[in-house]
Amino acid sequence: MSDKILDRIQKILDRANHPGTPQGERDSALAMADNLMKVHQIEEAALRARNVARGIGEAKRHEVTDEEIEWVDSFDEFLPTHRNVAALLANLAGVEIVFKSSYFKSTIHVVGYPDAIGYFKMLWTGTYLVFSAQLFPKWNRNASAGENIRAFVEAGYKWDYVWHQARKENQPFTRTSKGETVEVACPPADNGWMKRQLAKAYAATGEEKPKLTHGVKNYRNSYAEGFYTSLRDRVMEMMVQRRRLEAQAEGGAQMVLARDVDAVQKRFNELFPPSTLSYGKAERQGGNHAGAAARGRTAAATADLTGGRGGVTGGARRSIG
């Protein structure tokens with residue numbers, strides 16, 4: 001039953017992940033998937049409460065388990081943000097996690113019930129892909145020069161990087177001069193050609209090109225901070241709704257759900273005694289570029305928290321699986 005419910009949730013989120021899905025439908029799909037997960041847990045808890053009352057032992061599939069899964073690279077520039085996001089999603093999924101890292105790899109040790117672990121993995125993978133899609137754009141061979149320039153500039157990259165990226169993709173920027181097609185020189189020797197193409201790309205969507213005075217690191221950190229802040233607000237709102245659902249549980253489900261939380265915590269403490277853990281404060285990324293923070297908030301608002309299958313594209317960076 002757990003596999004079926006997770007497959008159903010995955011299909012709902014995959015549909016929401018399609019690039020053509022309106023924002024309203026994305027939000028509805030996320031709420032539907034999360035409510036489906038919580039209702040499933042409540043129904044399972046009620047069933048187990050009835051079985052216990054009848055003297056029937058709980059099935060082995062309801063036992064707490066743990067799993068170690070690989071996630072971002074130990075040297076990822078956004079590691080503090082990823083830690084904060086994973087902690088939010090773990091709380092939402094009802095699992096306990098510990099971050100492990102070494103020089104070679106970084107992992108998350110997850111403790112919880114199998115369906116909750118599966119749900120956490122889906123949530124993390126989808127969020128990671130949405131976060132990365134704008135910061136690690138791929139060259140679009142079917143897009144105009146201005147559209148590609150905009151994608152990379154909005155990821156925080158500088159003009160010369162975008163110019164070299166175009167040449168790397170065998171699509172160097174060109175312009176017509178005296179009837180001949182010539183390659184555009186690398187900025188600033190392009191006499192503002194790339195800036196004009198960027199302005200055209202904004203004009204095509206009815207937007208005004210913003211002033212670009214940021215440093216790459218400052219811009220990307222601001223984006224990450226905006227993303228996390230918006231995602232945190234969304235998750236907190238979902239947690240309030242979950243508490244309402246739990247308060248409405250009947251048939252002894254409330255007691256079983258509380259016992260489930262205790263069982264997960266007990267198993268977690270056995271694997272990782274509190275005395276062996278040292279929790280550092282969440283690192284503040286810094287950054288103050290308002291445009292980037294706004295784009296990060298927008299990305300988080302559209303994140304459908306899928307399992308990774310769908311229309312979202314990002315950099316070639318390994319996600320949980």
# chains A, B, ... in the order shown; residues from 1 in each chain; ligands from 1
$ residues_around --residues "Asn140 of chain A" --least-positions-apart "4" --cutoff "12 Å" --atoms "only C-alpha atoms" --output "list of chain:residue names"
A:Ser144, A:Ala145, A:Gly146, A:Glu147, A:Asn148, A:Ile149, A:Arg150, A:Ala151, A:Phe152, A:Gln165, A:Ala166, A:Glu169, A:Asn170, A:Gln171, A:Thr313
$ write_last_selection --atoms "all heavy atoms" --output "compact mmCIF listing (two decimals), in the first residue's frame"
# COMPACT_ATOMS: atom_id res chain seq x y z
N SER A 144 16.91 32.37 -28.84
CA SER A 144 17.66 33.47 -29.45
C SER A 144 18.88 33.80 -28.60
O SER A 144 18.99 33.36 -27.45
CB SER A 144 16.76 34.71 -29.55
OG SER A 144 16.47 35.21 -28.26
N ALA A 145 19.77 34.58 -29.18
CA ALA A 145 20.96 35.00 -28.42
C ALA A 145 20.54 35.73 -27.16
O ALA A 145 21.07 35.50 -26.07
CB ALA A 145 21.84 35.88 -29.30
N GLY A 146 19.57 36.63 -27.29
CA GLY A 146 19.11 37.41 -26.13
C GLY A 146 18.53 36.54 -25.04
O GLY A 146 18.76 36.78 -23.84
N GLU A 147 17.76 35.51 -25.42
CA GLU A 147 17.15 34.62 -24.44
C GLU A 147 18.21 33.83 -23.68
O GLU A 147 18.13 33.64 -22.47
CB GLU A 147 16.16 33.68 -25.12
CG GLU A 147 14.91 34.38 -25.62
CD GLU A 147 14.06 33.50 -26.51
OE1 GLU A 147 14.61 32.58 -27.16
OE2 GLU A 147 12.84 33.74 -26.58
N ASN A 148 19.22 33.35 -24.40
CA ASN A 148 20.31 32.64 -23.73
C ASN A 148 21.12 33.57 -22.84
O ASN A 148 21.51 33.20 -21.72
CB ASN A 148 21.23 31.98 -24.77
CG ASN A 148 20.74 30.61 -25.20
OD1 ASN A 148 20.37 29.79 -24.36
ND2 ASN A 148 20.70 30.36 -26.50
N ILE A 149 21.36 34.77 -23.32
CA ILE A 149 22.09 35.75 -22.51
C ILE A 149 21.32 36.02 -21.22
O ILE A 149 21.89 36.06 -20.13
CB ILE A 149 22.33 37.05 -23.29
CG1 ILE A 149 23.31 36.81 -24.45
CG2 ILE A 149 22.85 38.15 -22.38
CD1 ILE A 149 23.40 37.97 -25.43
N ARG A 150 20.01 36.19 -21.34
CA ARG A 150 19.19 36.48 -20.16
C ARG A 150 19.26 35.33 -19.15
O ARG A 150 19.39 35.56 -17.93
CB ARG A 150 17.73 36.72 -20.57
CG ARG A 150 16.81 36.93 -19.37
CD ARG A 150 15.42 37.33 -19.76
NE ARG A 150 14.59 37.45 -18.56
CZ ARG A 150 13.35 37.92 -18.56
NH1 ARG A 150 12.78 38.32 -19.68
NH2 ARG A 150 12.67 38.01 -17.43
N ALA A 151 19.16 34.09 -19.63
CA ALA A 151 19.19 32.94 -18.72
C ALA A 151 20.46 32.91 -17.89
O ALA A 151 20.44 32.66 -16.68
CB ALA A 151 19.04 31.64 -19.52
N PHE A 152 21.60 33.20 -18.55
CA PHE A 152 22.88 33.13 -17.83
C PHE A 152 23.13 34.36 -16.98
O PHE A 152 23.70 34.25 -15.89
CB PHE A 152 24.02 32.91 -18.83
CG PHE A 152 24.15 31.48 -19.28
CD1 PHE A 152 23.40 30.99 -20.33
CD2 PHE A 152 25.01 30.61 -18.62
CE1 PHE A 152 23.50 29.66 -20.72
CE2 PHE A 152 25.12 29.28 -19.00
CZ PHE A 152 24.36 28.80 -20.06
N GLN A 165 30.61 30.76 -23.31
CA GLN A 165 29.67 29.64 -23.31
C GLN A 165 29.06 29.47 -24.71
O GLN A 165 28.88 28.34 -25.18
CB GLN A 165 28.56 29.89 -22.28
CG GLN A 165 27.72 28.67 -21.94
CD GLN A 165 28.49 27.64 -21.15
OE1 GLN A 165 29.51 27.93 -20.54
NE2 GLN A 165 28.01 26.40 -21.16
N ALA A 166 28.75 30.58 -25.37
CA ALA A 166 28.19 30.52 -26.72
C ALA A 166 29.18 29.86 -27.68
O ALA A 166 28.79 29.02 -28.51
CB ALA A 166 27.84 31.93 -27.20
N GLU A 169 29.43 26.13 -27.17
CA GLU A 169 28.29 25.40 -27.72
C GLU A 169 28.24 25.47 -29.25
O GLU A 169 27.26 25.06 -29.87
CB GLU A 169 26.99 25.98 -27.15
CG GLU A 169 26.82 25.79 -25.65
CD GLU A 169 26.66 24.34 -25.26
OE1 GLU A 169 26.13 23.56 -26.09
OE2 GLU A 169 27.07 23.97 -24.14
N ASN A 170 29.31 25.99 -29.85
CA ASN A 170 29.40 26.13 -31.31
C ASN A 170 28.29 27.01 -31.87
O ASN A 170 27.82 26.81 -33.00
CB ASN A 170 29.37 24.75 -31.99
CG ASN A 170 30.60 23.93 -31.66
OD1 ASN A 170 31.71 24.45 -31.63
ND2 ASN A 170 30.40 22.64 -31.39
N GLN A 171 27.85 27.97 -31.05
CA GLN A 171 26.88 28.96 -31.51
C GLN A 171 27.37 30.36 -31.12
O GLN A 171 26.72 31.05 -30.34
CB GLN A 171 25.51 28.69 -30.89
CG GLN A 171 24.77 27.52 -31.52
CD GLN A 171 23.33 27.44 -31.04
OE1 GLN A 171 23.05 27.58 -29.86
NE2 GLN A 171 22.42 27.22 -31.96
N THR A 313 14.44 21.37 -15.57
CA THR A 313 15.81 21.04 -15.96
C THR A 313 16.76 21.84 -15.13
O THR A 313 16.49 22.96 -14.77
CB THR A 313 16.06 21.35 -17.45
OG1 THR A 313 15.81 22.73 -17.67
CG2 THR A 313 15.18 20.50 -18.34
$ select_by_dssp --residues "segment 40-166 of chain A" --states "helix (DSSP H, G or I)" --output "VMD selection string"
chain A and resid 40 to 53 60 to 62 79 to 93 114 to 135 145 to 153 159 to 166
$ residues_around --residues "His82 of chain A" --least-positions-apart "5" --cutoff "10 Å" --atoms "only C-alpha atoms" --output "PDB file with N, CA and C atoms, in the first residue's frame"
ATOM      1  N   TRP A  71      23.707  13.015  -1.534  1.00  0.00           N
ATOM      2  CA  TRP A  71      23.030  14.211  -2.021  1.00  0.00           C
ATOM      3  C   TRP A  71      24.042  15.142  -2.660  1.00  0.00           C
ATOM      4  N   VAL A  72      24.133  16.401  -2.264  1.00  0.00           N
ATOM      5  CA  VAL A  72      25.008  17.331  -2.971  1.00  0.00           C
ATOM      6  C   VAL A  72      26.473  17.079  -2.628  1.00  0.00           C
ATOM      7  N   ASP A  76      29.805  21.907  -2.511  1.00  0.00           N
ATOM      8  CA  ASP A  76      28.746  22.692  -3.146  1.00  0.00           C
ATOM      9  C   ASP A  76      28.714  24.100  -2.558  1.00  0.00           C
ATOM     10  N   GLU A  77      28.642  25.103  -3.409  1.00  0.00           N
ATOM     11  CA  GLU A  77      28.664  26.489  -2.933  1.00  0.00           C
ATOM     12  C   GLU A  77      27.431  26.849  -2.110  1.00  0.00           C
ATOM     13  N   ALA A  87      16.388  20.113   6.063  1.00  0.00           N
ATOM     14  CA  ALA A  87      15.833  20.058   7.417  1.00  0.00           C
ATOM     15  C   ALA A  87      14.347  20.416   7.407  1.00  0.00           C
ATOM     16  N   LEU A  88      13.957  21.421   6.614  1.00  0.00           N
ATOM     17  CA  LEU A  88      12.547  21.781   6.480  1.00  0.00           C
ATOM     18  C   LEU A  88      11.732  20.611   5.943  1.00  0.00           C
ATOM     19  N   TRP A 124      12.795  16.380  -1.602  1.00  0.00           N
ATOM     20  CA  TRP A 124      14.128  16.971  -1.748  1.00  0.00           C
ATOM     21  C   TRP A 124      14.535  17.069  -3.215  1.00  0.00           C
ATOM     22  N   THR A 127      12.677  19.852  -5.068  1.00  0.00           N
ATOM     23  CA  THR A 127      13.098  21.169  -4.604  1.00  0.00           C
ATOM     24  C   THR A 127      14.489  21.509  -5.126  1.00  0.00           C
ATOM     25  N   TYR A 128      15.381  20.544  -5.087  1.00  0.00           N
ATOM     26  CA  TYR A 128      16.749  20.753  -5.562  1.00  0.00           C
ATOM     27  C   TYR A 128      16.769  21.134  -7.044  1.00  0.00           C
ATOM     28  N   PHE A 131      15.432  24.663  -7.522  1.00  0.00           N
ATOM     29  CA  PHE A 131      16.445  25.607  -7.049  1.00  0.00           C
ATOM     30  C   PHE A 131      17.561  25.764  -8.081  1.00  0.00           C
ATOM     31  N   ALA A 224      19.736  32.402  -3.248  1.00  0.00           N
ATOM     32  CA  ALA A 224      19.578  31.267  -2.333  1.00  0.00           C
ATOM     33  C   ALA A 224      18.812  31.677  -1.077  1.00  0.00           C
ATOM     34  N   TYR A 228      15.144  30.103   0.080  1.00  0.00           N
ATOM     35  CA  TYR A 228      14.925  29.439   1.364  1.00  0.00           C
ATOM     36  C   TYR A 228      13.830  30.129   2.169  1.00  0.00           C
TER      37      TYR A 228
END
$ atom_distance --atom1 "atom CA of Val95 of chain A" --atom2 "atom CA of Val111 of chain A"
5.7 Å
$ residues_around --residues "Lys105 of chain A" --least-positions-apart "5" --cutoff "10 Å" --atoms "only C-alpha atoms" --output "tab-separated table (two decimals) with N, CA, C and O atoms, in the first residue's frame"
chain	number	residue	atom	x	y	z
A	70	GLU	N	22.99	9.58	-0.87
A	70	GLU	CA	23.91	10.62	-1.33
A	70	GLU	C	23.11	11.85	-1.75
A	70	GLU	O	22.00	11.75	-2.25
A	71	TRP	N	23.71	13.01	-1.53
A	71	TRP	CA	23.03	14.21	-2.02
A	71	TRP	C	24.04	15.14	-2.66
A	71	TRP	O	24.79	14.70	-3.53
A	72	VAL	N	24.13	16.40	-2.26
A	72	VAL	CA	25.01	17.33	-2.97
A	72	VAL	C	26.47	17.08	-2.63
A	72	VAL	O	26.80	16.46	-1.62
A	73	ASP	N	27.33	17.60	-3.48
A	73	ASP	CA	28.77	17.46	-3.27
A	73	ASP	C	29.21	18.20	-2.01
A	73	ASP	O	28.64	19.23	-1.64
A	74	SER	N	30.22	17.68	-1.35
A	74	SER	CA	30.72	18.31	-0.12
A	74	SER	C	31.21	19.74	-0.34
A	74	SER	O	31.25	20.54	0.59
A	75	PHE	N	31.58	20.07	-1.58
A	75	PHE	CA	32.11	21.40	-1.88
A	75	PHE	C	31.07	22.30	-2.55
A	75	PHE	O	31.41	23.34	-3.10
A	100	LYS	N	26.09	13.87	6.89
A	100	LYS	CA	27.44	13.32	6.99
A	100	LYS	C	28.24	13.79	5.79
A	100	LYS	O	27.74	13.84	4.67
$ residues_around --residues "Val153 of chain A" --least-positions-apart "2" --cutoff "12 Å" --atoms "only C-alpha atoms" --output "short mmCIF file (atom, residue, chain, number, x, y, z; two decimals) with all heavy atoms, in the first residue's frame"
data_model
loop_
_atom_site.label_atom_id
_atom_site.label_comp_id
_atom_site.auth_asym_id
_atom_site.auth_seq_id
_atom_site.Cartn_x
_atom_site.Cartn_y
_atom_site.Cartn_z
N GLN A 134 17.53 27.66 -12.38
CA GLN A 134 17.89 29.01 -12.80
C GLN A 134 19.35 29.32 -12.53
O GLN A 134 19.97 30.07 -13.28
CB GLN A 134 17.02 30.04 -12.07
CG GLN A 134 17.26 31.46 -12.57
CD GLN A 134 16.14 32.40 -12.17
OE1 GLN A 134 14.98 32.04 -12.19
NE2 GLN A 134 16.51 33.62 -11.80
N LEU A 135 19.93 28.72 -11.50
CA LEU A 135 21.32 29.01 -11.18
C LEU A 135 22.30 28.25 -12.06
O LEU A 135 23.46 28.64 -12.20
CB LEU A 135 21.60 28.68 -9.71
CG LEU A 135 21.00 29.64 -8.68
CD1 LEU A 135 21.41 29.23 -7.28
CD2 LEU A 135 21.43 31.08 -8.95
N PHE A 136 21.85 27.16 -12.66
CA PHE A 136 22.73 26.34 -13.51
C PHE A 136 22.03 26.09 -14.84
O PHE A 136 21.66 24.96 -15.17
CB PHE A 136 23.08 25.03 -12.82
CG PHE A 136 23.74 25.23 -11.49
CD1 PHE A 136 22.99 25.21 -10.32
CD2 PHE A 136 25.10 25.46 -11.39
CE1 PHE A 136 23.58 25.40 -9.08
CE2 PHE A 136 25.70 25.66 -10.16
CZ PHE A 136 24.94 25.64 -9.00
N PRO A 137 21.80 27.16 -15.62
CA PRO A 137 21.05 27.01 -16.88
C PRO A 137 21.83 26.22 -17.92
O PRO A 137 23.06 26.20 -17.90
CB PRO A 137 20.84 28.45 -17.33
CG PRO A 137 22.00 29.20 -16.75
CD PRO A 137 22.26 28.54 -15.42
N GLY A 146 19.57 36.63 -27.29
CA GLY A 146 19.11 37.41 -26.13
C GLY A 146 18.53 36.54 -25.04
O GLY A 146 18.76 36.78 -23.84
N GLU A 147 17.76 35.51 -25.42
CA GLU A 147 17.15 34.62 -24.44
C GLU A 147 18.21 33.83 -23.68
O GLU A 147 18.13 33.64 -22.47
CB GLU A 147 16.16 33.68 -25.12
CG GLU A 147 14.91 34.38 -25.62
CD GLU A 147 14.06 33.50 -26.51
OE1 GLU A 147 14.61 32.58 -27.16
OE2 GLU A 147 12.84 33.74 -26.58
N ASN A 148 19.22 33.35 -24.40
CA ASN A 148 20.31 32.64 -23.73
C ASN A 148 21.12 33.57 -22.84
O ASN A 148 21.51 33.20 -21.72
CB ASN A 148 21.23 31.98 -24.77
CG ASN A 148 20.74 30.61 -25.20
OD1 ASN A 148 20.37 29.79 -24.36
ND2 ASN A 148 20.70 30.36 -26.50
N ILE A 149 21.36 34.77 -23.32
CA ILE A 149 22.09 35.75 -22.51
C ILE A 149 21.32 36.02 -21.22
O ILE A 149 21.89 36.06 -20.13
CB ILE A 149 22.33 37.05 -23.29
CG1 ILE A 149 23.31 36.81 -24.45
CG2 ILE A 149 22.85 38.15 -22.38
CD1 ILE A 149 23.40 37.97 -25.43
N ARG A 150 20.01 36.19 -21.34
CA ARG A 150 19.19 36.48 -20.16
C ARG A 150 19.26 35.33 -19.15
O ARG A 150 19.39 35.56 -17.93
CB ARG A 150 17.73 36.72 -20.57
CG ARG A 150 16.81 36.93 -19.37
CD ARG A 150 15.42 37.33 -19.76
NE ARG A 150 14.59 37.45 -18.56
CZ ARG A 150 13.35 37.92 -18.56
NH1 ARG A 150 12.78 38.32 -19.68
NH2 ARG A 150 12.67 38.01 -17.43
N ALA A 151 19.16 34.09 -19.63
CA ALA A 151 19.19 32.94 -18.72
C ALA A 151 20.46 32.91 -17.89
O ALA A 151 20.44 32.66 -16.68
CB ALA A 151 19.04 31.64 -19.52
N ALA A 155 21.36 34.04 -13.82
CA ALA A 155 21.99 33.07 -12.93
C ALA A 155 23.21 33.68 -12.24
O ALA A 155 23.85 33.03 -11.42
CB ALA A 155 22.42 31.82 -13.71
N GLY A 156 23.51 34.94 -12.58
CA GLY A 156 24.60 35.64 -11.91
C GLY A 156 25.90 35.65 -12.69
O GLY A 156 26.90 36.19 -12.22
N TYR A 157 25.92 35.07 -13.90
CA TYR A 157 27.15 35.00 -14.67
C TYR A 157 27.44 36.32 -15.39
O TYR A 157 26.53 37.07 -15.73
CB TYR A 157 27.08 33.86 -15.68
CG TYR A 157 27.02 32.50 -15.05
CD1 TYR A 157 25.84 31.75 -15.07
CD2 TYR A 157 28.12 31.96 -14.40
CE1 TYR A 157 25.77 30.50 -14.47
CE2 TYR A 157 28.07 30.72 -13.80
CZ TYR A 157 26.88 29.99 -13.84
OH TYR A 157 26.82 28.76 -13.24
N LYS A 158 28.71 36.57 -15.64
CA LYS A 158 29.14 37.81 -16.27
C LYS A 158 29.16 37.68 -17.80
O LYS A 158 29.11 36.58 -18.36
CB LYS A 158 30.54 38.20 -15.76
CG LYS A 158 30.55 38.63 -14.29
CD LYS A 158 29.73 39.88 -14.09
CE LYS A 158 29.89 40.42 -12.67
NZ LYS A 158 29.11 41.66 -12.47
N TRP A 159 29.27 38.85 -18.45
CA TRP A 159 29.17 38.90 -19.91
C TRP A 159 30.19 38.00 -20.59
O TRP A 159 29.85 37.27 -21.53
CB TRP A 159 29.37 40.34 -20.39
CG TRP A 159 28.42 41.33 -19.81
CD1 TRP A 159 28.72 42.34 -18.94
CD2 TRP A 159 27.01 41.43 -20.05
NE1 TRP A 159 27.59 43.04 -18.62
CE2 TRP A 159 26.52 42.52 -19.29
CE3 TRP A 159 26.12 40.70 -20.83
CZ2 TRP A 159 25.19 42.90 -19.29
CZ3 TRP A 159 24.78 41.08 -20.84
CH2 TRP A 159 24.33 42.15 -20.08
N ASP A 160 31.45 38.08 -20.15
CA ASP A 160 32.49 37.31 -20.85
C ASP A 160 32.24 35.81 -20.71
O ASP A 160 32.52 35.03 -21.63
CB ASP A 160 33.88 37.68 -20.34
CG ASP A 160 34.05 37.49 -18.85
OD1 ASP A 160 33.04 37.39 -18.15
OD2 ASP A 160 35.21 37.44 -18.39
N TYR A 161 31.69 35.37 -19.55
CA TYR A 161 31.39 33.95 -19.36
C TYR A 161 30.34 33.51 -20.38
O TYR A 161 30.45 32.44 -20.98
CB TYR A 161 30.89 33.69 -17.94
CG TYR A 161 30.49 32.24 -17.69
CD1 TYR A 161 31.43 31.33 -17.22
CD2 TYR A 161 29.19 31.80 -17.93
CE1 TYR A 161 31.08 30.00 -17.00
CE2 TYR A 161 28.84 30.48 -17.71
CZ TYR A 161 29.78 29.59 -17.25
OH TYR A 161 29.43 28.28 -17.03
N VAL A 162 29.28 34.33 -20.55
CA VAL A 162 28.22 33.97 -21.49
C VAL A 162 28.76 33.91 -22.91
O VAL A 162 28.42 33.03 -23.70
CB VAL A 162 27.06 35.00 -21.40
CG1 VAL A 162 25.90 34.55 -22.28
CG2 VAL A 162 26.59 35.17 -19.96
N TRP A 163 29.64 34.85 -23.24
CA TRP A 163 30.25 34.87 -24.58
C TRP A 163 31.03 33.58 -24.84
O TRP A 163 30.90 32.95 -25.88
CB TRP A 163 31.15 36.09 -24.69
CG TRP A 163 31.76 36.31 -26.05
CD1 TRP A 163 31.21 36.98 -27.11
CD2 TRP A 163 33.04 35.85 -26.49
NE1 TRP A 163 32.06 36.98 -28.18
CE2 TRP A 163 33.20 36.28 -27.83
CE3 TRP A 163 34.07 35.12 -25.91
CZ2 TRP A 163 34.35 36.01 -28.58
CZ3 TRP A 163 35.21 34.84 -26.64
CH2 TRP A 163 35.34 35.28 -27.96
N GLN A 165 30.61 30.76 -23.31
CA GLN A 165 29.67 29.64 -23.31
C GLN A 165 29.06 29.47 -24.71
O GLN A 165 28.88 28.34 -25.18
CB GLN A 165 28.56 29.89 -22.28
CG GLN A 165 27.72 28.67 -21.94
CD GLN A 165 28.49 27.64 -21.15
OE1 GLN A 165 29.51 27.93 -20.54
NE2 GLN A 165 28.01 26.40 -21.16
N MET A 194 25.85 42.76 -26.44
CA MET A 194 25.18 41.78 -25.57
C MET A 194 24.15 42.45 -24.67
O MET A 194 23.07 41.89 -24.42
CB MET A 194 26.22 41.02 -24.73
CG MET A 194 27.04 40.02 -25.55
SD MET A 194 28.20 39.06 -24.55
CE MET A 194 27.08 38.11 -23.53
N LYS A 195 24.44 43.64 -24.20
CA LYS A 195 23.49 44.36 -23.35
C LYS A 195 22.23 44.71 -24.14
O LYS A 195 21.11 44.65 -23.61
CB LYS A 195 24.13 45.63 -22.78
CG LYS A 195 25.24 45.35 -21.78
CD LYS A 195 25.81 46.64 -21.22
CE LYS A 195 26.91 46.34 -20.21
NZ LYS A 195 27.50 47.58 -19.63
N GLN A 197 21.05 42.98 -26.71
CA GLN A 197 20.31 41.74 -26.91
C GLN A 197 19.54 41.36 -25.66
O GLN A 197 18.41 40.86 -25.73
CB GLN A 197 21.28 40.60 -27.29
CG GLN A 197 22.01 40.81 -28.60
CD GLN A 197 21.06 41.01 -29.77
OE1 GLN A 197 20.13 40.23 -29.97
NE2 GLN A 197 21.28 42.07 -30.54
N LEU A 198 20.15 41.60 -24.51
CA LEU A 198 19.47 41.32 -23.24
C LEU A 198 18.24 42.21 -23.09
O LEU A 198 17.17 41.74 -22.68
CB LEU A 198 20.43 41.55 -22.07
CG LEU A 198 19.85 41.33 -20.67
CD1 LEU A 198 19.43 39.88 -20.49
CD2 LEU A 198 20.88 41.71 -19.60
N ALA A 199 18.38 43.48 -23.44
CA ALA A 199 17.24 44.40 -23.35
C ALA A 199 16.11 43.95 -24.26
O ALA A 199 14.92 44.03 -23.89
CB ALA A 199 17.70 45.81 -23.72
N ALA A 201 15.44 40.88 -25.11
CA ALA A 201 14.83 39.68 -24.51
C ALA A 201 13.82 40.07 -23.43
O ALA A 201 12.76 39.46 -23.30
CB ALA A 201 15.91 38.77 -23.92
N TYR A 202 14.14 41.10 -22.65
CA TYR A 202 13.20 41.58 -21.63
C TYR A 202 12.00 42.25 -22.29
O TYR A 202 10.85 42.07 -21.87
CB TYR A 202 13.89 42.56 -20.67
CG TYR A 202 14.64 41.88 -19.55
CD1 TYR A 202 16.02 41.72 -19.59
CD2 TYR A 202 13.96 41.40 -18.43
CE1 TYR A 202 16.71 41.11 -18.56
CE2 TYR A 202 14.63 40.79 -17.39
CZ TYR A 202 16.00 40.64 -17.46
OH TYR A 202 16.68 40.02 -16.43
N LYS A 209 14.64 45.73 -18.54
CA LYS A 209 15.93 45.17 -18.13
C LYS A 209 16.39 45.87 -16.85
O LYS A 209 16.47 47.08 -16.79
CB LYS A 209 16.98 45.34 -19.22
CG LYS A 209 18.34 44.75 -18.86
CD LYS A 209 19.33 44.92 -19.99
CE LYS A 209 19.83 46.33 -20.11
NZ LYS A 209 20.65 46.75 -18.95
N PRO A 210 16.68 45.07 -15.80
CA PRO A 210 17.14 45.68 -14.54
C PRO A 210 18.58 46.16 -14.65
O PRO A 210 19.32 45.75 -15.54
CB PRO A 210 17.02 44.54 -13.55
CG PRO A 210 17.25 43.31 -14.38
CD PRO A 210 16.60 43.61 -15.71
N LYS A 211 18.96 47.03 -13.74
CA LYS A 211 20.36 47.46 -13.68
C LYS A 211 21.19 46.32 -13.10
O LYS A 211 20.81 45.71 -12.09
CB LYS A 211 20.49 48.71 -12.81
CG LYS A 211 19.83 49.94 -13.41
CD LYS A 211 20.05 51.17 -12.52
CE LYS A 211 19.40 52.39 -13.13
NZ LYS A 211 19.59 53.60 -12.28
N LEU A 212 22.30 46.03 -13.72
CA LEU A 212 23.14 44.90 -13.31
C LEU A 212 24.43 45.43 -12.71
O LEU A 212 25.38 45.74 -13.43
CB LEU A 212 23.41 43.99 -14.51
CG LEU A 212 22.16 43.44 -15.20
CD1 LEU A 212 22.52 42.71 -16.48
CD2 LEU A 212 21.40 42.52 -14.26
N THR A 213 24.46 45.54 -11.41
CA THR A 213 25.65 46.07 -10.73
C THR A 213 26.16 45.10 -9.68
O THR A 213 26.99 45.45 -8.86
CB THR A 213 25.31 47.40 -10.04
OG1 THR A 213 24.24 47.18 -9.10
CG2 THR A 213 24.88 48.44 -11.06
N HIS A 214 25.69 43.87 -9.71
CA HIS A 214 26.02 42.91 -8.67
C HIS A 214 27.31 42.14 -8.98
O HIS A 214 27.71 42.02 -10.13
CB HIS A 214 24.88 41.91 -8.52
CG HIS A 214 24.59 41.15 -9.79
ND1 HIS A 214 23.73 41.63 -10.75
CD2 HIS A 214 25.07 39.98 -10.26
CE1 HIS A 214 23.69 40.76 -11.75
NE2 HIS A 214 24.49 39.75 -11.48
N GLY A 215 27.88 41.59 -7.91
CA GLY A 215 28.95 40.62 -8.07
C GLY A 215 28.33 39.23 -8.16
O GLY A 215 27.24 38.99 -7.65
N VAL A 216 29.01 38.30 -8.80
CA VAL A 216 28.45 36.97 -9.01
C VAL A 216 28.09 36.29 -7.68
O VAL A 216 26.98 35.78 -7.50
CB VAL A 216 29.44 36.09 -9.80
CG1 VAL A 216 28.93 34.67 -9.90
CG2 VAL A 216 29.65 36.67 -11.19
N TYR A 219 25.12 37.98 -5.86
CA TYR A 219 23.86 37.71 -6.55
C TYR A 219 23.34 36.31 -6.24
O TYR A 219 22.18 36.13 -5.88
CB TYR A 219 24.08 37.87 -8.06
CG TYR A 219 22.84 37.68 -8.90
CD1 TYR A 219 22.10 38.78 -9.33
CD2 TYR A 219 22.41 36.41 -9.27
CE1 TYR A 219 20.96 38.62 -10.11
CE2 TYR A 219 21.28 36.24 -10.05
CZ TYR A 219 20.56 37.34 -10.46
OH TYR A 219 19.43 37.17 -11.23
N ARG A 220 24.21 35.31 -6.37
CA ARG A 220 23.78 33.93 -6.19
C ARG A 220 23.40 33.65 -4.73
O ARG A 220 22.47 32.90 -4.44
CB ARG A 220 24.88 32.99 -6.68
CG ARG A 220 25.05 33.06 -8.19
CD ARG A 220 26.36 32.44 -8.66
NE ARG A 220 26.34 30.98 -8.62
CZ ARG A 220 25.80 30.23 -9.56
NH1 ARG A 220 25.21 30.79 -10.61
NH2 ARG A 220 25.83 28.91 -9.48
N GLY A 291 17.13 41.94 -6.68
CA GLY A 291 16.62 41.24 -7.85
C GLY A 291 16.82 39.74 -7.74
O GLY A 291 15.94 38.95 -8.07
N ALA A 292 17.98 39.31 -7.25
CA ALA A 292 18.25 37.89 -7.10
C ALA A 292 17.38 37.28 -6.02
O ALA A 292 16.86 36.18 -6.18
CB ALA A 292 19.73 37.67 -6.77
#
$ atom_distance --atom1 "atom CA of Val64 of chain A" --atom2 "atom CA of Gly118 of chain A"
12.8 Å
$ closest_residue --among "A:Ser28, A:Thr176, A:Thr298, A:Asn191" --to "Ser230 of chain A" --atoms "only C-alpha atoms"
A:Thr298
$ atom_distance --atom1 "atom CA of Arg175 of chain A" --atom2 "atom CA of Ala189 of chain A"
13.7 Å
